[in-house]
$ cat model.txt   # compact mmCIF, C-alpha atoms
# COMPACT_ATOMS: atom_id res chain seq x y z
CA MET A 1 -49.76 42.00 -143.21
CA THR A 2 -53.40 40.98 -143.62
CA ARG A 3 -54.10 40.72 -147.31
CA LYS A 4 -57.62 39.40 -147.39
CA ILE A 5 -60.37 41.65 -148.69
CA ARG A 6 -62.06 43.58 -145.93
CA SER A 7 -65.58 42.33 -146.67
CA ALA A 8 -67.38 40.29 -144.04
CA THR A 9 -67.43 37.27 -146.33
CA ALA A 10 -63.73 37.23 -147.03
CA VAL A 11 -62.78 37.85 -143.43
CA ALA A 12 -64.83 34.80 -142.58
CA VAL A 13 -63.14 32.91 -145.38
CA GLY A 14 -59.69 33.66 -144.08
CA LEU A 15 -60.22 33.64 -140.37
CA GLY A 16 -63.31 31.62 -139.41
CA LEU A 17 -63.81 27.89 -139.23
CA ALA A 18 -66.78 25.94 -140.44
CA LEU A 19 -67.27 22.92 -138.28
CA VAL A 20 -69.96 20.31 -137.79
CA ALA A 21 -71.01 18.26 -134.84
CA THR A 22 -70.16 14.90 -136.36
CA GLY A 23 -66.81 13.13 -136.26
CA CYS A 24 -64.44 12.22 -133.50
CA ALA A 25 -61.17 13.53 -132.17
CA GLY A 26 -58.07 12.47 -134.01
CA GLY A 27 -54.65 11.65 -132.70
CA SER A 28 -53.34 9.81 -129.71
CA ASP A 29 -54.60 9.88 -126.15
CA ASP A 30 -51.89 12.15 -124.82
CA GLY A 31 -50.99 13.99 -128.02
CA GLY A 32 -47.57 14.76 -126.56
CA SER A 33 -48.61 18.34 -125.88
CA GLY A 34 -47.79 18.47 -122.20
CA GLY A 35 -49.73 21.05 -120.24
CA GLY A 36 -51.88 20.49 -117.22
CA GLY A 37 -55.29 18.89 -117.38
CA SER A 38 -57.31 18.97 -114.18
CA SER A 39 -56.99 16.19 -111.63
CA ASP A 40 -60.68 15.33 -111.78
CA GLY A 41 -60.39 14.35 -115.44
CA LYS A 42 -62.08 17.50 -116.69
CA ALA A 43 -60.37 20.17 -118.75
CA THR A 44 -61.16 23.63 -120.10
CA VAL A 45 -59.49 24.76 -123.32
CA THR A 46 -59.48 28.48 -124.08
CA VAL A 47 -59.37 29.55 -127.73
CA TRP A 48 -58.69 33.03 -129.11
CA GLU A 49 -59.90 33.66 -132.65
CA ASN A 50 -60.55 36.78 -134.71
CA ALA A 51 -63.41 35.85 -137.03
CA SER A 52 -65.60 38.92 -137.43
CA PRO A 53 -69.10 38.62 -135.95
CA GLY A 54 -71.13 36.56 -138.38
CA PRO A 55 -70.67 33.08 -139.89
CA GLY A 56 -67.12 32.57 -138.67
CA ALA A 57 -67.93 33.45 -135.09
CA GLU A 58 -71.06 31.30 -135.16
CA PHE A 59 -69.13 28.29 -136.42
CA TRP A 60 -66.60 28.66 -133.61
CA LYS A 61 -69.47 28.55 -131.14
CA SER A 62 -70.88 25.50 -132.89
CA ALA A 63 -67.49 23.83 -132.83
CA ALA A 64 -67.16 24.33 -129.10
CA ALA A 65 -70.62 22.88 -128.48
CA ALA A 66 -70.05 19.96 -130.84
CA TYR A 67 -66.73 19.03 -129.32
CA HIS A 68 -68.12 19.20 -125.78
CA LYS A 69 -70.94 16.89 -126.84
CA LEU A 70 -68.40 14.38 -128.12
CA HIS A 71 -66.12 14.87 -125.09
CA PRO A 72 -68.25 15.85 -122.07
CA ASN A 73 -65.19 16.27 -119.84
CA VAL A 74 -63.72 18.93 -122.14
CA THR A 75 -65.10 22.47 -122.31
CA ILE A 76 -63.99 24.69 -125.19
CA LYS A 77 -64.20 28.40 -124.33
CA ILE A 78 -64.12 30.65 -127.39
CA GLN A 79 -63.06 34.28 -127.13
CA TYR A 80 -63.34 36.64 -130.07
CA VAL A 81 -60.60 39.28 -130.31
CA GLN A 82 -60.88 42.00 -132.93
CA ASN A 83 -58.30 41.50 -135.67
CA GLU A 84 -56.65 44.90 -135.24
CA ASP A 85 -56.23 44.27 -131.49
CA PHE A 86 -55.28 40.62 -131.73
CA ASP A 87 -51.50 40.77 -131.94
CA GLY A 88 -51.09 43.28 -129.14
CA LYS A 89 -53.42 41.50 -126.73
CA LEU A 90 -51.87 38.14 -127.52
CA GLN A 91 -48.33 39.37 -126.94
CA THR A 92 -49.34 40.91 -123.61
CA ALA A 93 -50.97 37.63 -122.58
CA LEU A 94 -47.94 35.59 -123.64
CA ASN A 95 -45.57 37.88 -121.76
CA SER A 96 -47.68 37.77 -118.59
CA ASN A 97 -48.06 34.00 -118.66
CA SER A 98 -51.82 34.31 -119.11
CA ALA A 99 -52.08 33.23 -122.73
CA PRO A 100 -55.03 31.26 -124.11
CA ASP A 101 -54.43 27.56 -124.71
CA VAL A 102 -55.14 27.80 -128.45
CA PHE A 103 -54.72 30.89 -130.62
CA LEU A 104 -54.47 32.05 -134.21
CA GLN A 105 -50.86 31.95 -135.36
CA ARG A 106 -49.61 34.60 -137.81
CA GLY A 107 -46.46 32.59 -138.48
CA GLY A 108 -43.12 33.78 -139.81
CA GLY A 109 -41.12 36.14 -137.62
CA LYS A 110 -43.89 36.37 -135.02
CA MET A 111 -43.91 32.60 -134.54
CA GLN A 112 -40.11 32.50 -134.45
CA ALA A 113 -40.11 35.06 -131.61
CA MET A 114 -42.61 32.95 -129.64
CA VAL A 115 -40.45 29.87 -130.11
CA ASP A 116 -37.32 31.74 -129.04
CA ALA A 117 -39.11 32.96 -125.91
CA GLY A 118 -40.37 29.47 -125.05
CA GLN A 119 -43.98 30.65 -125.20
CA ILE A 120 -45.49 27.95 -127.43
CA GLN A 121 -45.35 24.18 -127.69
CA ALA A 122 -44.01 22.04 -130.48
CA LEU A 123 -46.86 19.82 -131.65
CA ASN A 124 -46.24 16.08 -131.51
CA LEU A 125 -48.29 15.17 -134.56
CA THR A 126 -49.34 11.59 -135.14
CA ASP A 127 -49.07 9.87 -138.51
CA THR A 128 -52.81 10.44 -138.88
CA ASP A 129 -52.38 14.15 -138.27
CA LYS A 130 -49.60 14.35 -140.84
CA THR A 131 -51.77 12.56 -143.39
CA ASN A 132 -54.70 14.87 -142.67
CA VAL A 133 -52.63 18.04 -143.00
CA GLY A 134 -50.07 17.14 -145.68
CA PRO A 135 -46.34 17.90 -145.91
CA ALA A 136 -46.51 21.27 -147.68
CA ALA A 137 -48.81 22.82 -145.08
CA ILE A 138 -46.80 21.33 -142.21
CA ALA A 139 -43.60 22.81 -143.65
CA GLY A 140 -45.17 26.25 -143.62
CA ASP A 141 -45.76 26.06 -139.86
CA SER A 142 -42.45 24.42 -138.92
CA ILE A 143 -39.16 25.70 -137.52
CA ASP A 144 -36.05 23.51 -137.38
CA GLY A 145 -38.13 20.44 -138.19
CA LYS A 146 -40.65 21.03 -135.38
CA VAL A 147 -44.29 21.94 -135.99
CA TYR A 148 -45.56 24.92 -133.99
CA ALA A 149 -49.04 25.43 -135.46
CA MET A 150 -51.75 23.17 -136.82
CA PRO A 151 -52.62 24.32 -140.35
CA LEU A 152 -56.34 24.40 -141.08
CA ASP A 153 -56.54 25.89 -144.55
CA THR A 154 -54.12 26.96 -147.21
CA ALA A 155 -53.73 30.12 -149.28
CA PRO A 156 -51.46 29.13 -152.17
CA GLU A 157 -50.38 32.09 -154.24
CA GLY A 158 -50.40 31.95 -158.00
CA ILE A 159 -51.49 33.82 -161.11
CA TYR A 160 -55.20 34.34 -161.67
CA TYR A 161 -56.15 34.88 -165.30
CA SER A 162 -59.03 35.39 -167.71
CA LYS A 163 -59.63 32.28 -169.79
CA ASP A 164 -61.57 34.34 -172.33
CA LEU A 165 -58.71 36.80 -172.87
CA PHE A 166 -56.21 33.96 -173.15
CA LYS A 167 -58.40 32.38 -175.83
CA GLN A 168 -58.75 35.66 -177.71
CA ALA A 169 -54.97 36.06 -177.66
CA GLY A 170 -54.43 32.55 -179.00
CA ILE A 171 -52.93 31.20 -175.78
CA ALA A 172 -53.79 27.52 -175.71
CA ALA A 173 -52.61 26.72 -172.16
CA PRO A 174 -51.25 28.61 -169.15
CA PRO A 175 -47.48 29.15 -169.21
CA THR A 176 -45.22 26.86 -167.20
CA THR A 177 -41.91 28.67 -167.76
CA MET A 178 -40.86 32.31 -167.74
CA ASP A 179 -40.11 32.18 -171.46
CA GLU A 180 -43.67 31.04 -172.10
CA LEU A 181 -45.03 33.79 -169.87
CA LYS A 182 -43.04 36.41 -171.76
CA ALA A 183 -44.40 35.05 -175.05
CA ASP A 184 -47.94 35.28 -173.69
CA VAL A 185 -47.34 38.89 -172.66
CA ALA A 186 -46.63 39.71 -176.30
CA LYS A 187 -49.76 37.88 -177.48
CA LEU A 188 -51.95 39.78 -175.04
CA LYS A 189 -50.48 43.12 -176.06
CA ALA A 190 -51.38 42.25 -179.64
CA ILE A 191 -55.08 42.30 -178.69
CA ASN A 192 -54.66 45.57 -176.75
CA VAL A 193 -55.02 44.04 -173.30
CA SER A 194 -52.74 44.77 -170.37
CA PRO A 195 -51.02 41.43 -169.83
CA ILE A 196 -50.55 41.61 -166.05
CA ALA A 197 -52.09 43.92 -163.46
CA VAL A 198 -50.25 44.83 -160.28
CA GLY A 199 -51.12 47.30 -157.52
CA ALA A 200 -47.68 48.69 -156.73
CA LYS A 201 -49.11 51.62 -154.76
CA ASP A 202 -49.71 49.14 -151.92
CA ALA A 203 -46.09 47.89 -152.23
CA TRP A 204 -46.65 44.28 -151.14
CA PRO A 205 -48.46 43.16 -154.34
CA ALA A 206 -45.47 44.28 -156.41
CA ALA A 207 -43.04 42.75 -153.94
CA HIS A 208 -44.73 39.38 -154.37
CA TRP A 209 -43.15 39.14 -157.80
CA TYR A 210 -39.76 39.32 -156.11
CA TYR A 211 -40.90 36.84 -153.45
CA ASN A 212 -41.78 34.27 -156.07
CA PHE A 213 -38.58 34.74 -158.02
CA ALA A 214 -36.74 34.24 -154.72
CA LEU A 215 -38.77 31.09 -154.08
CA ARG A 216 -37.49 29.71 -157.38
CA GLU A 217 -33.88 30.96 -157.03
CA CYS A 218 -33.24 30.21 -153.32
CA SER A 219 -33.30 26.79 -151.70
CA GLN A 220 -35.71 26.03 -148.88
CA ASP A 221 -32.76 25.79 -146.50
CA THR A 222 -31.46 29.22 -147.51
CA MET A 223 -34.85 30.86 -147.03
CA ASN A 224 -35.41 29.18 -143.66
CA LYS A 225 -31.95 30.07 -142.38
CA ALA A 226 -32.55 33.68 -143.30
CA ALA A 227 -35.55 33.68 -140.96
CA LYS A 228 -33.16 33.10 -138.05
CA SER A 229 -30.06 34.99 -139.14
CA LEU A 230 -31.85 37.80 -141.02
CA LYS A 231 -28.85 37.85 -143.35
CA PHE A 232 -29.53 37.92 -147.07
CA ASP A 233 -26.05 37.31 -148.41
CA ASP A 234 -26.68 34.27 -150.59
CA PRO A 235 -26.35 35.21 -154.29
CA CYS A 236 -29.86 33.85 -154.90
CA TRP A 237 -31.39 36.99 -153.38
CA THR A 238 -29.67 39.19 -155.93
CA LYS A 239 -30.46 36.71 -158.71
CA ALA A 240 -34.16 36.98 -157.85
CA GLY A 241 -33.94 40.73 -158.37
CA ASP A 242 -32.10 40.20 -161.63
CA ASP A 243 -34.91 37.90 -162.78
CA LEU A 244 -37.47 40.59 -162.01
CA SER A 245 -35.40 43.22 -163.85
CA THR A 246 -35.19 40.96 -166.89
CA PHE A 247 -38.93 40.34 -166.82
CA LEU A 248 -39.58 44.09 -166.69
CA LYS A 249 -37.90 44.47 -170.08
CA VAL A 250 -40.99 43.03 -171.78
CA SER A 251 -43.18 45.66 -170.02
CA PRO A 252 -45.65 43.10 -168.63
CA PHE A 253 -47.61 45.39 -166.29
CA GLN A 254 -50.42 47.83 -166.98
CA LYS A 255 -49.82 51.52 -167.63
CA GLY A 256 -49.70 53.38 -164.33
CA PHE A 257 -49.11 50.28 -162.22
CA LEU A 258 -46.87 52.18 -159.80
CA THR A 259 -49.79 54.31 -158.62
CA ALA A 260 -52.49 51.62 -158.83
CA SER A 261 -53.96 50.02 -155.72
CA ALA A 262 -54.51 46.28 -155.46
CA GLN A 263 -58.08 45.85 -154.25
CA GLN A 264 -59.96 49.14 -154.26
CA GLY A 265 -62.17 50.01 -157.23
CA ALA A 266 -62.33 49.24 -160.93
CA GLY A 267 -58.92 50.80 -161.53
CA SER A 268 -57.19 48.52 -159.04
CA SER A 269 -55.26 45.50 -160.23
CA ALA A 270 -58.11 43.20 -159.17
CA GLY A 271 -60.59 45.55 -160.82
CA LEU A 272 -58.73 45.46 -164.13
CA LEU A 273 -58.93 41.67 -164.19
CA ALA A 274 -62.57 41.78 -163.07
CA ASN A 275 -63.44 44.02 -166.03
CA HIS A 276 -61.26 42.23 -168.62
CA LYS A 277 -58.90 45.21 -168.92
CA ALA A 278 -55.99 43.00 -167.84
CA ALA A 279 -55.46 39.29 -168.29
CA MET A 280 -53.49 38.24 -165.18
CA GLU A 281 -52.76 39.09 -161.56
CA LEU A 282 -50.36 37.44 -159.10
CA MET A 283 -52.18 37.09 -155.78
CA GLY A 284 -53.26 34.79 -152.95
CA ASN A 285 -56.47 32.81 -152.75
CA TRP A 286 -58.53 35.68 -151.36
CA ASP A 287 -58.36 37.28 -154.83
CA PRO A 288 -61.44 35.64 -156.41
CA GLY A 289 -63.63 37.26 -153.76
CA VAL A 290 -62.07 40.65 -154.43
CA ILE A 291 -62.41 40.22 -158.19
CA GLY A 292 -66.03 39.12 -157.85
CA SER A 293 -66.89 42.24 -155.87
CA LEU A 294 -65.49 44.41 -158.69
CA THR A 295 -67.18 42.86 -161.73
CA PRO A 296 -69.98 44.90 -163.36
CA ASP A 297 -72.66 42.66 -161.81
CA GLN A 298 -70.67 42.08 -158.60
CA LYS A 299 -70.74 38.35 -159.23
CA PRO A 300 -67.81 35.91 -159.54
CA LEU A 301 -65.83 36.22 -162.75
CA PRO A 302 -67.04 33.19 -164.75
CA ASP A 303 -63.89 32.70 -166.81
CA LEU A 304 -61.41 32.96 -163.94
CA GLY A 305 -58.52 30.49 -164.00
CA TRP A 306 -55.33 29.94 -161.99
CA PHE A 307 -51.82 28.63 -162.61
CA PRO A 308 -48.69 28.40 -160.41
CA PHE A 309 -45.78 30.80 -160.71
CA PRO A 310 -43.72 29.61 -163.69
CA ALA A 311 -40.42 27.75 -163.42
CA VAL A 312 -37.14 29.66 -163.48
CA PRO A 313 -34.20 27.86 -165.10
CA GLY A 314 -31.27 27.01 -162.85
CA GLY A 315 -32.90 27.99 -159.58
CA GLN A 316 -31.99 26.28 -156.29
CA GLY A 317 -35.61 26.19 -155.11
CA ASP A 318 -37.85 23.23 -155.85
CA PRO A 319 -39.88 24.16 -158.96
CA SER A 320 -43.04 22.83 -157.29
CA ALA A 321 -42.67 24.98 -154.15
CA MET A 322 -45.54 27.33 -153.34
CA MET A 323 -45.60 30.80 -151.88
CA GLY A 324 -48.46 31.36 -149.48
CA GLY A 325 -49.51 31.08 -145.90
CA SER A 326 -51.72 28.62 -144.12
CA GLY A 327 -54.29 29.41 -141.49
CA GLY A 328 -52.93 27.72 -138.37
CA TYR A 329 -53.39 27.64 -134.60
CA SER A 330 -50.73 27.29 -131.92
CA LEU A 331 -50.69 26.01 -128.35
CA SER A 332 -49.32 28.16 -125.54
CA LYS A 333 -46.69 26.56 -123.33
CA ASN A 334 -49.10 25.59 -120.54
CA ALA A 335 -51.92 24.29 -122.73
CA PRO A 336 -53.28 20.90 -121.61
CA LYS A 337 -53.17 17.82 -123.82
CA GLU A 338 -56.86 18.32 -124.61
CA ALA A 339 -55.95 21.46 -126.55
CA LEU A 340 -53.94 19.47 -129.08
CA GLN A 341 -56.71 16.90 -129.31
CA PHE A 342 -59.13 19.68 -130.23
CA LEU A 343 -56.79 20.83 -133.02
CA GLN A 344 -56.46 17.23 -134.21
CA TRP A 345 -60.25 17.06 -134.46
CA LEU A 346 -60.38 20.23 -136.56
CA VAL A 347 -58.34 18.64 -139.36
CA THR A 348 -60.43 15.48 -139.66
CA LYS A 349 -62.32 14.96 -142.91
CA GLU A 350 -65.80 15.93 -141.77
CA GLN A 351 -64.72 19.18 -140.11
CA GLN A 352 -62.59 20.17 -143.07
CA GLU A 353 -65.41 19.48 -145.54
CA ALA A 354 -67.80 21.71 -143.65
CA TYR A 355 -65.15 24.39 -143.32
CA ALA A 356 -64.50 24.42 -147.07
CA LYS A 357 -68.20 24.49 -148.00
CA ALA A 358 -69.04 27.35 -145.67
CA PHE A 359 -66.05 29.55 -146.41
CA PHE A 360 -65.18 28.80 -150.05
CA THR A 361 -61.56 28.05 -149.29
CA ILE A 362 -59.12 25.17 -149.61
CA PRO A 363 -58.90 22.73 -146.69
CA VAL A 364 -55.52 21.18 -145.95
CA ASN A 365 -57.02 17.68 -145.62
CA LYS A 366 -56.91 16.03 -149.06
CA GLU A 367 -59.84 13.79 -148.13
CA ALA A 368 -61.99 16.90 -147.76
CA GLN A 369 -60.93 18.58 -150.99
CA GLY A 370 -63.65 16.92 -153.03
CA VAL A 371 -66.00 19.67 -151.86
CA VAL A 372 -63.92 22.30 -153.67
CA THR A 373 -65.71 23.00 -156.95
CA ASP A 374 -64.38 26.28 -158.36
CA THR A 375 -61.97 25.50 -161.18
CA TYR A 376 -59.37 28.02 -160.00
CA ASN A 377 -59.37 26.52 -156.51
CA ILE A 378 -59.14 23.01 -157.96
CA SER A 379 -56.07 24.07 -159.95
CA ALA A 380 -54.56 25.67 -156.86
CA LEU A 381 -55.14 22.71 -154.57
CA GLN A 382 -53.75 20.30 -157.17
CA ALA A 383 -50.56 22.33 -157.37
CA PHE A 384 -50.40 22.65 -153.60
CA ASN A 385 -50.80 18.91 -153.11
CA LYS A 386 -47.82 18.35 -155.43
CA ALA A 387 -45.68 21.02 -153.76
CA ALA A 388 -42.49 19.90 -152.05
CA TYR A 389 -42.99 22.67 -149.50
CA SER A 390 -44.71 25.99 -148.96
CA MET A 391 -43.14 29.24 -147.83
CA GLN A 392 -44.79 32.05 -145.88
CA PHE A 393 -45.02 35.45 -147.55
CA LEU A 394 -41.60 36.95 -146.99
CA ASP A 395 -42.74 40.06 -145.14
CA THR A 396 -44.47 37.69 -142.71
CA MET A 397 -41.60 35.24 -142.56
CA TYR A 398 -38.92 37.83 -141.92
CA GLY A 399 -40.92 40.27 -139.81
CA GLN A 400 -42.46 43.67 -140.42
CA ASN A 401 -39.31 45.82 -140.39
CA VAL A 402 -37.34 43.62 -142.76
CA GLY A 403 -40.42 42.89 -144.88
CA ASN A 404 -41.32 46.55 -145.32
CA ALA A 405 -37.75 47.39 -146.34
CA MET A 406 -37.77 44.56 -148.88
CA ASN A 407 -41.14 45.63 -150.26
CA THR A 408 -40.08 49.26 -150.63
CA ALA A 409 -36.84 48.28 -152.34
CA VAL A 410 -38.71 46.10 -154.84
CA VAL A 411 -41.01 48.99 -155.75
CA ASN A 412 -37.94 51.19 -156.19
CA LEU A 413 -36.55 48.66 -158.65
CA LEU A 414 -39.84 48.62 -160.56
CA ALA A 415 -39.78 52.42 -160.66
CA GLY A 416 -36.23 52.49 -162.02
CA LYS A 417 -34.91 53.98 -158.80
CA GLY A 418 -33.07 50.94 -157.51
CA THR A 419 -31.38 47.69 -158.45
CA SER A 420 -31.46 44.07 -157.35
CA ALA A 421 -28.34 44.77 -155.28
CA ASP A 422 -30.24 47.58 -153.54
CA ILE A 423 -32.99 45.15 -152.51
CA VAL A 424 -30.41 43.01 -150.73
CA LYS A 425 -28.60 46.04 -149.25
CA ASP A 426 -31.77 47.68 -147.93
CA THR A 427 -33.12 44.40 -146.54
CA ASN A 428 -29.85 43.65 -144.73
CA SER A 429 -29.72 47.20 -143.41
CA ALA A 430 -33.23 46.93 -141.94
CA ALA A 431 -32.30 43.60 -140.32
CA GLU A 432 -29.21 45.11 -138.71
CA LYS A 433 -31.21 48.01 -137.29
CA GLY A 434 -33.75 45.59 -135.83
$ encode --input "model.txt" --output "structure tokens"
Amino acid sequence: MTRKIRSATAVAVGLGLALVATGCAGGSDDGGSGGGGSSDGKATVTVWENASPGPGAEFWKSAAAAYHKLHPNVTIKIQYVQNEDFDGKLQTALNSNSAPDVFLQRGGGKMQAMVDAGQIQALNLTDTDKTNVGPAAIAGDSIDGKVYAMPLDTAPEGIYYSKDLFKQAGIAAPPTTMDELKADVAKLKAINVSPIAVGAKDAWPAAHWYYNFALRECSQDTMNKAAKSLKFDDPCWTKAGDDLSTFLKVSPFQKGFLTASAQQGAGSSAGLLANHKAAMELMGNWDPGVIGSLTPDQKPLPDLGWFPFPAVPGGQGDPSAMMGGSGGYSLSKNAPKEALQFLQWLVTKEQQEAYAKAFFTIPVNKEAQGVVTDTYNISALQAFNKAAYSMQFLDTMYGQNVGNAMNTAVVNLLAGKGTSADIVKDTNSAAEKG
């Protein structure tokens, strides 16, 4: 599910690449990618991307020209595919053995299906590549220890909050445990502010609370195995629902949250935070752009802060683990070695710096993260850099059918129409039906 705001700017943030003509290709000579370069030493690399016409598309064109200037024997051919058409066209191309060499990777269940069908290559990353990208981002694009997409940016999920409202409520620092978060909920209620906004009408924003409790309760191995087996029998899945039920007892969400949208208008969850009617919202890193578009002056919220999802006592998951996707690109099975070399170039310091500056996002390359200046993004990247691993959003990781069933069951729990056991039952049932 695409969660980024539908404005031209945010689509560019999430889907485009800002690249400059300086720098050189990273990695080894052969890259281990296989594929077939031409016998005359020249190669053409086709790239499918879905940046809306505008800055993102222009940067892709600039990238192709810049790389060709650095490597005259390599031609990068960029093809824009509209986002809504992308998945269908890509699947048709993969099935007919006419796929592009490089393409945007959604990850999760979609990537698993491509791996199972032998349609994409495992990337033989060099030590330099691994340093440029970092372990947490690599983990998010890996299956069974093999990397199947090159991460280019990261979208760590966490809780955005109003520093001013926290100060008014006497909250000295963001909470690090669930007990502290519950205490802060009470303090915010005391100043007549909705502690946490959530747009449960859209289902997935509410389900993300369950996702993050599962991230804390379930081990990385358990969550990864579920992506293959689509069986959710480990007790941690029920425990995550129990955690959410317990949290609901302090009534942390705004009045009417079940019928509120996430991103549309002043009454949405983002709008409530934008107008200081609520103090917090759990969301991915596209949220500041949404919030900024909903403030009275339609400018960024000046007191916006960020903190990671709090720790849950006794959980099997690493307490530093992050929920959130990364923007990555895969290689089709017949892509030449030059395709991997192009991806290796995209994660070098200079390219990542330009990308971050132009699109206000977080580059995976730590050496490029000095260009990130917004305090909320600095907090997010610091947490991400400390993370033992990252996990894709669960409705991406486990596929649309399973994900939708999980999301609906979570909303039912929030509405008092279901239990944590029902979340597991309904998710398993959807998996069995395929």
$ residues_around --input "model.txt" --residues "segment 294-299 of chain A" --least-positions-apart "2" --cutoff "7 Å" --atoms "only C-alpha atoms" --output "PyMOL selection string"
chain A and resi 265-266+271+274-275+290-292+301
$ residues_around --input "model.txt" --residues "Asn407 of chain A" --least-positions-apart "6" --cutoff "6 Å" --atoms "all atoms listed in the file" --output "number ranges by chain"
A: 203-204, 207
$ closest_residue --input "model.txt" --among "A:Asn385, A:Asn334, A:Ser229, A:Thr348" --to "Gly118 of chain A" --atoms "all atoms listed in the file"
A:Asn334
$ closest_residue --input "model.txt" --among "A:Ala172, A:Cys218, A:Met223, A:Ala279" --to "Lys189 of chain A" --atoms "all atoms listed in the file"
A:Ala279
$ closest_residue --input "model.txt" --among "A:Leu331, A:Leu272, A:Ala149, A:Ala57" --to "Tyr161 of chain A" --atoms "only C-alpha atoms"
A:Leu272
$ atom_distance --input "model.txt" --atom1 "atom CA of Pro363 of chain A" --atom2 "atom CA of Leu343 of chain A"
14.0 Å
$ residues_around --input "model.txt" --residues "Ser219 of chain A" --least-positions-apart "2" --cutoff "7 Å" --atoms "all atoms listed in the file" --output "mmCIF file with C-alpha atoms, keeping the file's coordinate frame"
data_model
loop_
_atom_site.group_PDB
_atom_site.id
_atom_site.type_symbol
_atom_site.label_atom_id
_atom_site.label_comp_id
_atom_site.auth_asym_id
_atom_site.auth_seq_id
_atom_site.Cartn_x
_atom_site.Cartn_y
_atom_site.Cartn_z
ATOM 1 C CA GLU A 217 -33.880 30.960 -157.030
ATOM 2 C CA ASP A 221 -32.760 25.790 -146.500
ATOM 3 C CA THR A 222 -31.460 29.220 -147.510
ATOM 4 C CA MET A 223 -34.850 30.860 -147.030
ATOM 5 C CA GLN A 316 -31.990 26.280 -156.290
ATOM 6 C CA GLY A 317 -35.610 26.190 -155.110
#
$ residues_around --input "model.txt" --residues "Ser420 of chain A" --least-positions-apart "6" --cutoff "7 Å" --atoms "all atoms listed in the file" --output "PDB file with C-alpha atoms, in the frame of the given file"
ATOM      1  CA  THR A 238     -29.670  39.190-155.930  1.00  0.00           C
ATOM      2  CA  GLY A 241     -33.940  40.730-158.370  1.00  0.00           C
ATOM      3  CA  ASP A 242     -32.100  40.200-161.630  1.00  0.00           C
ATOM      4  CA  LEU A 413     -36.550  48.660-158.650  1.00  0.00           C
TER       5      LEU A 413
END
$ axis_aligned_box --input "model.txt" --around "segment 292-295 of chain A" --padding-each-side "5 Å" --output "AutoDock Vina command-line options"
--center_x -66.3 --center_y 41.8 --center_z -158.8 --size_x 11.7 --size_y 15.3 --size_z 15.9
$ closest_residue --input "model.txt" --among "A:Ile362, A:Val147, A:Val45, A:Ile159" --to "Gln105 of chain A" --atoms "all atoms listed in the file"
A:Val147
$ residues_near_point --input "model.txt" --point "(-31.2, 48.5, -150.9)" --cutoff "12 Å" --atoms "only C-alpha atoms" --output "PyMOL selection string"
chain A and resi 232+237-238+241+402+404-413+417-431
$ write_last_selection --input "model.txt" --atoms "C-alpha atoms" --output "PDB file, in the frame of the given file"
ATOM      1  CA  PHE A 232     -29.530  37.920-147.070  1.00  0.00           C
ATOM      2  CA  TRP A 237     -31.390  36.990-153.380  1.00  0.00           C
ATOM      3  CA  THR A 238     -29.670  39.190-155.930  1.00  0.00           C
ATOM      4  CA  GLY A 241     -33.940  40.730-158.370  1.00  0.00           C
ATOM      5  CA  VAL A 402     -37.340  43.620-142.760  1.00  0.00           C
ATOM      6  CA  ASN A 404     -41.320  46.550-145.320  1.00  0.00           C
ATOM      7  CA  ALA A 405     -37.750  47.390-146.340  1.00  0.00           C
ATOM      8  CA  MET A 406     -37.770  44.560-148.880  1.00  0.00           C
ATOM      9  CA  ASN A 407     -41.140  45.630-150.260  1.00  0.00           C
ATOM     10  CA  THR A 408     -40.080  49.260-150.630  1.00  0.00           C
ATOM     11  CA  ALA A 409     -36.840  48.280-152.340  1.00  0.00           C
ATOM     12  CA  VAL A 410     -38.710  46.100-154.840  1.00  0.00           C
ATOM     13  CA  VAL A 411     -41.010  48.990-155.750  1.00  0.00           C
ATOM     14  CA  ASN A 412     -37.940  51.190-156.190  1.00  0.00           C
ATOM     15  CA  LEU A 413     -36.550  48.660-158.650  1.00  0.00           C
ATOM     16  CA  LYS A 417     -34.910  53.980-158.800  1.00  0.00           C
ATOM     17  CA  GLY A 418     -33.070  50.940-157.510  1.00  0.00           C
ATOM     18  CA  THR A 419     -31.380  47.690-158.450  1.00  0.00           C
ATOM     19  CA  SER A 420     -31.460  44.070-157.350  1.00  0.00           C
ATOM     20  CA  ALA A 421     -28.340  44.770-155.280  1.00  0.00           C
ATOM     21  CA  ASP A 422     -30.240  47.580-153.540  1.00  0.00           C
ATOM     22  CA  ILE A 423     -32.990  45.150-152.510  1.00  0.00           C
ATOM     23  CA  VAL A 424     -30.410  43.010-150.730  1.00  0.00           C
ATOM     24  CA  LYS A 425     -28.600  46.040-149.250  1.00  0.00           C
ATOM     25  CA  ASP A 426     -31.770  47.680-147.930  1.00  0.00           C
ATOM     26  CA  THR A 427     -33.120  44.400-146.540  1.00  0.00           C
ATOM     27  CA  ASN A 428     -29.850  43.650-144.730  1.00  0.00           C
ATOM     28  CA  SER A 429     -29.720  47.200-143.410  1.00  0.00           C
ATOM     29  CA  ALA A 430     -33.230  46.930-141.940  1.00  0.00           C
ATOM     30  CA  ALA A 431     -32.300  43.600-140.320  1.00  0.00           C
TER      31      ALA A 431
END
$ closest_residue --input "model.txt" --among "A:Ala99, A:Ala63, A:Ala117, A:Ala354" --to "Gly370 of chain A" --atoms "only C-alpha atoms"
A:Ala354
$ atom_distance --input "model.txt" --atom1 "atom CA of Val115 of chain A" --atom2 "atom CA of Leu394 of chain A"
18.3 Å
$ closest_residue --input "model.txt" --among "A:Ser261, A:Gln168, A:Thr75, A:Thr176" --to "Pro308 of chain A" --atoms "all atoms listed in the file"
A:Thr176
